[in-house]
>>> print(open('structure_37.pdb').read())   # PDB, C-alpha atoms, pLDDT in the B column
ATOM      1  CA  MET U 648     -43.314 -79.435-193.233  1.00 52.00           C
ATOM      2  CA  ALA U 649     -43.794 -77.825-189.899  1.00 66.00           C
ATOM      3  CA  ARG U 650     -47.091 -77.757-188.132  1.00 67.00           C
ATOM      4  CA  ALA U 651     -47.757 -74.457-186.440  1.00 66.00           C
ATOM      5  CA  SER U 652     -46.605 -74.641-182.844  1.00 65.00           C
ATOM      6  CA  ARG U 653     -49.443 -75.721-180.627  1.00 72.00           C
ATOM      7  CA  ARG U 654     -48.629 -73.716-177.552  1.00 81.00           C
ATOM      8  CA  PRO U 655     -50.899 -74.803-174.693  1.00 83.00           C
ATOM      9  CA  GLU U 656     -52.449 -71.338-174.395  1.00 87.00           C
ATOM     10  CA  MET U 657     -53.541 -71.593-178.048  1.00 89.00           C
ATOM     11  CA  ALA U 658     -55.139 -75.065-177.812  1.00 92.00           C
ATOM     12  CA  ALA U 659     -58.684 -73.754-177.325  1.00 94.00           C
ATOM     13  CA  SER U 660     -58.337 -71.434-180.337  1.00 95.00           C
ATOM     14  CA  TYR U 661     -57.172 -74.330-182.540  1.00 95.00           C
ATOM     15  CA  GLU U 662     -60.055 -76.540-181.433  1.00 95.00           C
ATOM     16  CA  ARG U 663     -62.605 -73.766-181.930  1.00 97.00           C
ATOM     17  CA  LEU U 664     -61.265 -72.929-185.419  1.00 97.00           C
ATOM     18  CA  LYS U 665     -61.267 -76.616-186.349  1.00 97.00           C
ATOM     19  CA  ALA U 666     -64.945 -76.835-185.333  1.00 97.00           C
ATOM     20  CA  ILE U 667     -65.812 -73.750-187.402  1.00 98.00           C
ATOM     21  CA  ILE U 668     -63.971 -75.082-190.456  1.00 98.00           C
ATOM     22  CA  ARG U 669     -65.727 -78.429-190.088  1.00 96.00           C
ATOM     23  CA  ARG U 670     -69.134 -76.726-189.764  1.00 96.00           C
ATOM     24  CA  GLU U 671     -68.724 -73.930-192.332  1.00 96.00           C
ATOM     25  CA  SER U 672     -66.102 -74.959-194.871  1.00 96.00           C
ATOM     26  CA  LEU U 673     -65.784 -78.738-195.126  1.00 94.00           C
ATOM     27  CA  LEU U 674     -67.737 -80.181-198.024  1.00 90.00           C
ATOM     28  CA  THR U 675     -67.899 -83.941-198.548  1.00 89.00           C
ATOM     29  CA  GLY U 676     -69.793 -86.458-200.619  1.00 83.00           C
ATOM     30  CA  GLY U 677     -69.456 -84.832-204.010  1.00 77.00           C
ATOM     31  CA  SER U 678     -66.877 -84.529-206.720  1.00 78.00           C
ATOM     32  CA  PHE U 679     -65.065 -81.225-206.465  1.00 81.00           C
ATOM     33  CA  GLN U 680     -62.494 -79.834-208.875  1.00 77.00           C
ATOM     34  CA  LEU U 681     -59.506 -78.341-207.053  1.00 73.00           C
ATOM     35  CA  ALA U 682     -57.423 -75.368-208.200  1.00 74.00           C
ATOM     36  CA  SER U 683     -54.709 -77.900-209.043  1.00 71.00           C
ATOM     37  CA  GLY U 684     -57.045 -79.477-211.608  1.00 75.00           C
ATOM     38  CA  ALA U 685     -57.441 -82.681-209.595  1.00 75.00           C
ATOM     39  CA  SER U 686     -60.812 -83.953-208.373  1.00 79.00           C
ATOM     40  CA  SER U 687     -61.623 -84.770-204.776  1.00 79.00           C
ATOM     41  CA  SER U 688     -64.568 -85.935-202.701  1.00 80.00           C
ATOM     42  CA  LEU U 689     -63.396 -83.547-199.969  1.00 87.00           C
ATOM     43  CA  PHE U 690     -63.351 -79.773-200.446  1.00 90.00           C
ATOM     44  CA  PHE U 691     -62.506 -76.888-198.121  1.00 93.00           C
ATOM     45  CA  ASP U 692     -64.522 -73.769-199.005  1.00 93.00           C
ATOM     46  CA  MET U 693     -62.526 -71.546-196.660  1.00 96.00           C
ATOM     47  CA  LYS U 694     -64.344 -68.351-197.629  1.00 95.00           C
ATOM     48  CA  LYS U 695     -67.221 -69.530-195.439  1.00 96.00           C
ATOM     49  CA  THR U 696     -64.859 -69.617-192.440  1.00 98.00           C
ATOM     50  CA  MET U 697     -63.066 -66.404-193.377  1.00 97.00           C
ATOM     51  CA  PHE U 698     -66.314 -64.441-193.541  1.00 97.00           C
ATOM     52  CA  ASP U 699     -67.556 -65.808-190.233  1.00 97.00           C
ATOM     53  CA  PRO U 700     -66.639 -63.217-187.554  1.00 97.00           C
ATOM     54  CA  GLU U 701     -65.231 -65.739-185.086  1.00 98.00           C
ATOM     55  CA  GLY U 702     -63.565 -67.771-187.834  1.00 98.00           C
ATOM     56  CA  ALA U 703     -61.790 -64.707-189.261  1.00 98.00           C
ATOM     57  CA  SER U 704     -60.669 -63.613-185.806  1.00 98.00           C
ATOM     58  CA  LEU U 705     -59.278 -67.054-184.983  1.00 98.00           C
ATOM     59  CA  VAL U 706     -57.503 -67.367-188.335  1.00 98.00           C
ATOM     60  CA  GLY U 707     -55.860 -63.976-187.786  1.00 97.00           C
ATOM     61  CA  GLU U 708     -54.828 -64.925-184.257  1.00 96.00           C
ATOM     62  CA  LEU U 709     -53.435 -68.348-185.186  1.00 97.00           C
ATOM     63  CA  MET U 710     -51.698 -67.168-188.367  1.00 96.00           C
ATOM     64  CA  LEU U 711     -50.009 -64.379-186.393  1.00 96.00           C
ATOM     65  CA  ASP U 712     -48.973 -66.914-183.761  1.00 95.00           C
ATOM     66  CA  ALA U 713     -47.626 -69.234-186.485  1.00 95.00           C
ATOM     67  CA  LEU U 714     -45.582 -66.353-187.856  1.00 94.00           C
ATOM     68  CA  GLY U 715     -43.744 -66.335-184.531  1.00 91.00           C
ATOM     69  CA  PRO U 716     -40.795 -64.000-183.997  1.00 89.00           C
ATOM     70  CA  GLU U 717     -39.666 -64.331-187.617  1.00 85.00           C
ATOM     71  CA  PRO U 718     -38.605 -60.964-189.026  1.00 91.00           C
ATOM     72  CA  VAL U 719     -41.091 -60.089-191.758  1.00 96.00           C
ATOM     73  CA  ASP U 720     -41.929 -56.859-193.523  1.00 96.00           C
ATOM     74  CA  TYR U 721     -45.145 -57.969-195.229  1.00 98.00           C
ATOM     75  CA  VAL U 722     -47.584 -60.850-195.534  1.00 98.00           C
ATOM     76  CA  GLY U 723     -49.567 -61.492-198.676  1.00 98.00           C
ATOM     77  CA  GLY U 724     -50.885 -63.993-201.132  1.00 96.00           C
ATOM     78  CA  LEU U 725     -52.783 -64.610-204.322  1.00 95.00           C
ATOM     79  CA  GLU U 726     -56.262 -63.144-204.746  1.00 92.00           C
ATOM     80  CA  MET U 727     -58.949 -64.097-203.668  1.00 90.00           C
ATOM     81  CA  GLY U 728     -58.249 -66.814-201.129  1.00 92.00           C
ATOM     82  CA  ALA U 729     -55.468 -64.982-199.329  1.00 96.00           C
ATOM     83  CA  VAL U 730     -57.126 -61.555-199.152  1.00 96.00           C
ATOM     84  CA  PRO U 731     -59.304 -62.108-196.046  1.00 97.00           C
ATOM     85  CA  ILE U 732     -56.493 -64.054-194.344  1.00 98.00           C
ATOM     86  CA  VAL U 733     -54.008 -61.223-194.878  1.00 98.00           C
ATOM     87  CA  ALA U 734     -56.557 -58.695-193.592  1.00 98.00           C
ATOM     88  CA  ALA U 735     -57.309 -60.788-190.496  1.00 98.00           C
ATOM     89  CA  LEU U 736     -53.608 -61.191-189.632  1.00 98.00           C
ATOM     90  CA  CYS U 737     -52.943 -57.477-190.147  1.00 97.00           C
ATOM     91  CA  VAL U 738     -55.805 -56.546-187.813  1.00 97.00           C
ATOM     92  CA  LYS U 739     -54.658 -59.012-185.144  1.00 97.00           C
ATOM     93  CA  SER U 740     -51.052 -57.785-185.389  1.00 96.00           C
ATOM     94  CA  HIS U 741     -51.888 -54.265-184.226  1.00 96.00           C
ATOM     95  CA  PRO U 742     -50.693 -52.750-181.926  1.00 94.00           C
ATOM     96  CA  GLN U 743     -48.245 -55.310-180.490  1.00 92.00           C
ATOM     97  CA  ARG U 744     -46.482 -56.275-183.724  1.00 93.00           C
ATOM     98  CA  PRO U 745     -47.884 -54.416-186.728  1.00 95.00           C
ATOM     99  CA  VAL U 746     -47.519 -56.431-189.928  1.00 96.00           C
ATOM    100  CA  ARG U 747     -48.616 -54.925-193.242  1.00 98.00           C
ATOM    101  CA  GLY U 748     -50.239 -56.852-196.040  1.00 98.00           C
ATOM    102  CA  PHE U 749     -50.749 -57.066-199.773  1.00 97.00           C
ATOM    103  CA  PHE U 750     -52.273 -59.303-202.383  1.00 96.00           C
ATOM    104  CA  VAL U 751     -51.145 -60.463-205.790  1.00 96.00           C
ATOM    105  CA  ARG U 752     -53.626 -60.236-208.643  1.00 93.00           C
ATOM    106  CA  LYS U 753     -53.917 -63.153-211.035  1.00 86.00           C
ATOM    107  CA  THR U 754     -53.563 -60.610-213.842  1.00 78.00           C
ATOM    108  CA  ALA U 755     -52.786 -56.885-213.777  1.00 69.00           C
ATOM    109  CA  LYS U 756     -56.041 -54.961-213.572  1.00 66.00           C
ATOM    110  CA  GLY U 757     -55.433 -53.032-216.802  1.00 62.00           C
ATOM    111  CA  HIS U 758     -56.292 -49.575-215.485  1.00 57.00           C
ATOM    112  CA  GLY U 759     -55.270 -47.152-212.751  1.00 57.00           C
ATOM    113  CA  THR U 760     -51.800 -48.101-211.557  1.00 59.00           C
ATOM    114  CA  ASN U 761     -51.994 -51.407-213.462  1.00 61.00           C
ATOM    115  CA  GLN U 762     -50.178 -53.159-210.619  1.00 84.00           C
ATOM    116  CA  LEU U 763     -49.966 -56.889-210.131  1.00 90.00           C
ATOM    117  CA  ILE U 764     -49.245 -56.413-206.398  1.00 94.00           C
ATOM    118  CA  ASP U 765     -51.651 -54.218-204.450  1.00 93.00           C
ATOM    119  CA  GLY U 766     -51.769 -53.031-200.863  1.00 95.00           C
ATOM    120  CA  GLN U 767     -48.774 -52.482-198.600  1.00 97.00           C
ATOM    121  CA  PHE U 768     -45.614 -53.760-200.313  1.00 96.00           C
ATOM    122  CA  ALA U 769     -42.081 -52.564-201.015  1.00 96.00           C
ATOM    123  CA  ASP U 770     -39.437 -54.037-203.273  1.00 95.00           C
ATOM    124  CA  ASN U 771     -36.574 -55.994-201.678  1.00 95.00           C
ATOM    125  CA  SER U 772     -38.564 -56.831-198.550  1.00 97.00           C
ATOM    126  CA  ARG U 773     -39.009 -59.946-196.385  1.00 97.00           C
ATOM    127  CA  VAL U 774     -42.336 -61.600-197.163  1.00 98.00           C
ATOM    128  CA  VAL U 775     -44.353 -64.536-195.862  1.00 98.00           C
ATOM    129  CA  ILE U 776     -47.066 -65.854-198.192  1.00 98.00           C
ATOM    130  CA  LEU U 777     -50.416 -66.831-196.656  1.00 98.00           C
ATOM    131  CA  GLU U 778     -52.834 -69.348-198.148  1.00 97.00           C
ATOM    132  CA  ASP U 779     -56.212 -70.796-197.254  1.00 97.00           C
ATOM    133  CA  VAL U 780     -55.720 -74.341-198.580  1.00 95.00           C
ATOM    134  CA  THR U 781     -52.635 -75.843-200.205  1.00 95.00           C
ATOM    135  CA  THR U 782     -52.813 -78.805-202.543  1.00 92.00           C
ATOM    136  CA  THR U 783     -49.843 -78.668-204.908  1.00 93.00           C
ATOM    137  CA  GLY U 784     -48.881 -75.113-203.933  1.00 94.00           C
ATOM    138  CA  GLY U 785     -49.466 -73.645-207.385  1.00 92.00           C
ATOM    139  CA  SER U 786     -51.412 -70.591-206.211  1.00 92.00           C
ATOM    140  CA  SER U 787     -48.835 -69.687-203.605  1.00 95.00           C
ATOM    141  CA  LEU U 788     -45.998 -70.189-206.082  1.00 96.00           C
ATOM    142  CA  LYS U 789     -47.653 -67.645-208.413  1.00 94.00           C
ATOM    143  CA  ALA U 790     -47.617 -65.127-205.561  1.00 96.00           C
ATOM    144  CA  VAL U 791     -44.010 -66.041-204.730  1.00 97.00           C
ATOM    145  CA  ALA U 792     -42.936 -65.488-208.347  1.00 96.00           C
ATOM    146  CA  ALA U 793     -44.581 -62.055-208.463  1.00 95.00           C
ATOM    147  CA  VAL U 794     -42.959 -60.775-205.279  1.00 96.00           C
ATOM    148  CA  ARG U 795     -39.574 -62.353-206.004  1.00 97.00           C
ATOM    149  CA  GLU U 796     -39.640 -60.529-209.334  1.00 95.00           C
ATOM    150  CA  ARG U 797     -39.668 -57.353-207.233  1.00 95.00           C
ATOM    151  CA  GLY U 798     -36.681 -58.494-205.173  1.00 96.00           C
ATOM    152  CA  ALA U 799     -38.604 -59.804-202.163  1.00 97.00           C
ATOM    153  CA  ARG U 800     -37.234 -62.679-200.092  1.00 97.00           C
ATOM    154  CA  VAL U 801     -39.818 -65.410-199.577  1.00 97.00           C
ATOM    155  CA  GLU U 802     -38.772 -68.401-197.523  1.00 94.00           C
ATOM    156  CA  ARG U 803     -42.076 -69.475-196.005  1.00 97.00           C
ATOM    157  CA  VAL U 804     -45.738 -70.137-196.738  1.00 98.00           C
ATOM    158  CA  ILE U 805     -48.303 -70.456-193.960  1.00 97.00           C
ATOM    159  CA  THR U 806     -51.576 -72.184-194.837  1.00 97.00           C
ATOM    160  CA  ILE U 807     -54.732 -72.866-192.884  1.00 97.00           C
ATOM    161  CA  VAL U 808     -55.132 -76.402-194.278  1.00 96.00           C
ATOM    162  CA  ASP U 809     -52.560 -78.474-196.154  1.00 96.00           C
ATOM    163  CA  ARG U 810     -54.208 -81.209-198.207  1.00 92.00           C
ATOM    164  CA  LYS U 811     -50.835 -83.063-198.261  1.00 93.00           C
ATOM    165  CA  GLU U 812     -50.926 -83.521-202.043  1.00 91.00           C
ATOM    166  CA  GLY U 813     -47.535 -82.176-203.114  1.00 93.00           C
ATOM    167  CA  ALA U 814     -47.240 -78.588-201.883  1.00 95.00           C
ATOM    168  CA  GLU U 815     -44.398 -79.306-199.476  1.00 95.00           C
ATOM    169  CA  PRO U 816     -41.933 -80.755-202.026  1.00 96.00           C
ATOM    170  CA  ASN U 817     -42.920 -78.117-204.585  1.00 96.00           C
ATOM    171  CA  PHE U 818     -42.176 -75.369-202.071  1.00 97.00           C
ATOM    172  CA  ALA U 819     -38.946 -77.063-200.974  1.00 96.00           C
ATOM    173  CA  ALA U 820     -37.759 -77.043-204.599  1.00 96.00           C
ATOM    174  CA  ALA U 821     -38.264 -73.258-204.543  1.00 96.00           C
ATOM    175  CA  GLY U 822     -36.413 -72.828-201.227  1.00 96.00           C
ATOM    176  CA  ILE U 823     -39.600 -72.322-199.217  1.00 97.00           C
ATOM    177  CA  SER U 824     -40.792 -74.034-196.042  1.00 96.00           C
ATOM    178  CA  LEU U 825     -44.465 -74.770-195.394  1.00 97.00           C
ATOM    179  CA  THR U 826     -46.265 -74.291-192.094  1.00 96.00           C
ATOM    180  CA  SER U 827     -49.878 -75.397-191.688  1.00 96.00           C
ATOM    181  CA  LEU U 828     -52.419 -74.785-188.963  1.00 97.00           C
ATOM    182  CA  PHE U 829     -54.175 -78.038-189.930  1.00 96.00           C
ATOM    183  CA  GLU U 830     -53.762 -80.965-192.301  1.00 95.00           C
ATOM    184  CA  ARG U 831     -56.485 -82.667-194.318  1.00 93.00           C
ATOM    185  CA  GLU U 832     -56.339 -85.678-191.984  1.00 93.00           C
ATOM    186  CA  ASP U 833     -57.348 -83.489-189.031  1.00 93.00           C
ATOM    187  CA  PHE U 834     -60.819 -83.364-190.579  1.00 93.00           C
ATOM    188  CA  LEU U 835     -61.099 -87.046-191.498  1.00 85.00           C
ATOM    189  CA  ASN U 836     -60.938 -88.328-187.932  1.00 69.00           C
ATOM    190  CA  ASN U 837     -63.753 -87.523-185.521  1.00 57.00           C
TER     191      ASN U 837
END
>>> encode(input="structure_37.pdb", output="structure tokens")
Amino acid sequence: MARASRRPEMAASYERLKAIIRRESLLTGGSFQLASGASSSLFFDMKKTMFDPEGASLVGELMLDALGPEPVDYVGGLEMGAVPIVAALCVKSHPQRPVRGFFVRKTAKGHGTNQLIDGQFADNSRVVILEDVTTTGGSSLKAVAAVRERGARVERVITIVDRKEGAEPNFAAAGISLTSLFEREDFLNN
């Protein structure tokens, strides 16, 4: 797994986002059920950070930076966790490097266009999947399956926090690399 590049000019943004995540989103001392089905005494409720104005701005900035010069047509991910992340990156990408976004529904909505993928997306495109927290990678792999079914090329997932509980090898088995802004251990020390 690759950590997002920590360019010196981005160091303050990383430290500020880490402080916001610690203050707003890090829950400890309980027993929390994760999306993977496992239990943990440590939980990241990233929606608290993503709906904080500074937190959302920093996530958009750092996710866009982590994307680097990689050619990409769209960024997206599974509802609901990825939706504010995709929106933040799209906003930060304009006007220097406009990147469009989408989200994948867990189930087709059953009315209107009845689409599983909503937003800005075209078949046979280059896609990077965004995630708030990865554990085993199951949520991201659902999004990958949906867009690959439409001919998209997905070779990378970028997450805010990787819990380091199996996502990387699961992605590798699907031909996908993982980049994280932070790892679980970043929040255990200090």
>>> residues_around(input="structure_37.pdb", residues="stretch 797-814 of chain U", least_positions_apart="5", cutoff="8 Å", atoms="all atoms listed in the file", output="tab-separated table (two decimals) with C-alpha atoms, keeping the file's coordinate frame")
chain	number	residue	atom	x	y	z
U	706	VAL	CA	-57.50	-67.37	-188.34
U	710	MET	CA	-51.70	-67.17	-188.37
U	713	ALA	CA	-47.63	-69.23	-186.48
U	714	LEU	CA	-45.58	-66.35	-187.86
U	770	ASP	CA	-39.44	-54.04	-203.27
U	771	ASN	CA	-36.57	-55.99	-201.68
U	772	SER	CA	-38.56	-56.83	-198.55
U	773	ARG	CA	-39.01	-59.95	-196.38
U	774	VAL	CA	-42.34	-61.60	-197.16
U	775	VAL	CA	-44.35	-64.54	-195.86
U	776	ILE	CA	-47.07	-65.85	-198.19
U	777	LEU	CA	-50.42	-66.83	-196.66
U	778	GLU	CA	-52.83	-69.35	-198.15
U	779	ASP	CA	-56.21	-70.80	-197.25
U	780	VAL	CA	-55.72	-74.34	-198.58
U	781	THR	CA	-52.64	-75.84	-200.20
U	782	THR	CA	-52.81	-78.81	-202.54
U	783	THR	CA	-49.84	-78.67	-204.91
U	784	GLY	CA	-48.88	-75.11	-203.93
U	785	GLY	CA	-49.47	-73.64	-207.38
U	787	SER	CA	-48.84	-69.69	-203.60
U	791	VAL	CA	-44.01	-66.04	-204.73
U	822	GLY	CA	-36.41	-72.83	-201.23
U	823	ILE	CA	-39.60	-72.32	-199.22
U	824	SER	CA	-40.79	-74.03	-196.04
U	825	LEU	CA	-44.46	-74.77	-195.39
U	826	THR	CA	-46.26	-74.29	-192.09
U	827	SER	CA	-49.88	-75.40	-191.69
U	828	LEU	CA	-52.42	-74.78	-188.96
U	829	PHE	CA	-54.18	-78.04	-189.93
U	830	GLU	CA	-53.76	-80.96	-192.30
U	831	ARG	CA	-56.48	-82.67	-194.32
U	832	GLU	CA	-56.34	-85.68	-191.98
>>> atom_distance(input="structure_37.pdb", atom1="atom CA of U:Gly748", atom2="atom CA of U:Val722")
4.8 Å
>>> axis_aligned_box(input="structure_37.pdb", around="stretch 702-716 of chain U", padding_each_side="5 Å", output="lines of an AutoDock Vina configuration file")
center_x = -52.2
center_y = -66.4
center_z = -186.5
size_x = 32.8
size_y = 15.6
size_z = 15.5
>>> atom_distance(input="structure_37.pdb", atom1="atom CA of U:Ser704", atom2="atom CA of U:Gln680")
28.3 Å
>>> resolve_selection(input="structure_37.pdb", expression="the PyMOL selection byres ((chain U and resi 701) around 12)", output="mmCIF file with C-alpha atoms, in the frame of the given file")
data_model
loop_
_atom_site.group_PDB
_atom_site.id
_atom_site.type_symbol
_atom_site.label_atom_id
_atom_site.label_comp_id
_atom_site.auth_asym_id
_atom_site.auth_seq_id
_atom_site.Cartn_x
_atom_site.Cartn_y
_atom_site.Cartn_z
ATOM 1 C CA SER U 660 -58.337 -71.434 -180.337
ATOM 2 C CA ARG U 663 -62.605 -73.766 -181.930
ATOM 3 C CA LEU U 664 -61.265 -72.929 -185.419
ATOM 4 C CA LYS U 665 -61.267 -76.616 -186.349
ATOM 5 C CA ALA U 666 -64.945 -76.835 -185.333
ATOM 6 C CA ILE U 667 -65.812 -73.750 -187.402
ATOM 7 C CA ILE U 668 -63.971 -75.082 -190.456
ATOM 8 C CA GLU U 671 -68.724 -73.930 -192.332
ATOM 9 C CA LYS U 695 -67.221 -69.530 -195.439
ATOM 10 C CA THR U 696 -64.859 -69.617 -192.440
ATOM 11 C CA MET U 697 -63.066 -66.404 -193.377
ATOM 12 C CA PHE U 698 -66.314 -64.441 -193.541
ATOM 13 C CA ASP U 699 -67.556 -65.808 -190.233
ATOM 14 C CA PRO U 700 -66.639 -63.217 -187.554
ATOM 15 C CA GLY U 702 -63.565 -67.771 -187.834
ATOM 16 C CA ALA U 703 -61.790 -64.707 -189.261
ATOM 17 C CA SER U 704 -60.669 -63.613 -185.806
ATOM 18 C CA LEU U 705 -59.278 -67.054 -184.983
ATOM 19 C CA VAL U 706 -57.503 -67.367 -188.335
ATOM 20 C CA GLY U 707 -55.860 -63.976 -187.786
ATOM 21 C CA GLU U 708 -54.828 -64.925 -184.257
ATOM 22 C CA ALA U 735 -57.309 -60.788 -190.496
#
>>> closest_residue(input="structure_37.pdb", among="U:Leu709, U:Leu689, U:Val751, U:Leu835", to="U:Ala793", atoms="all atoms listed in the file")
U:Val751
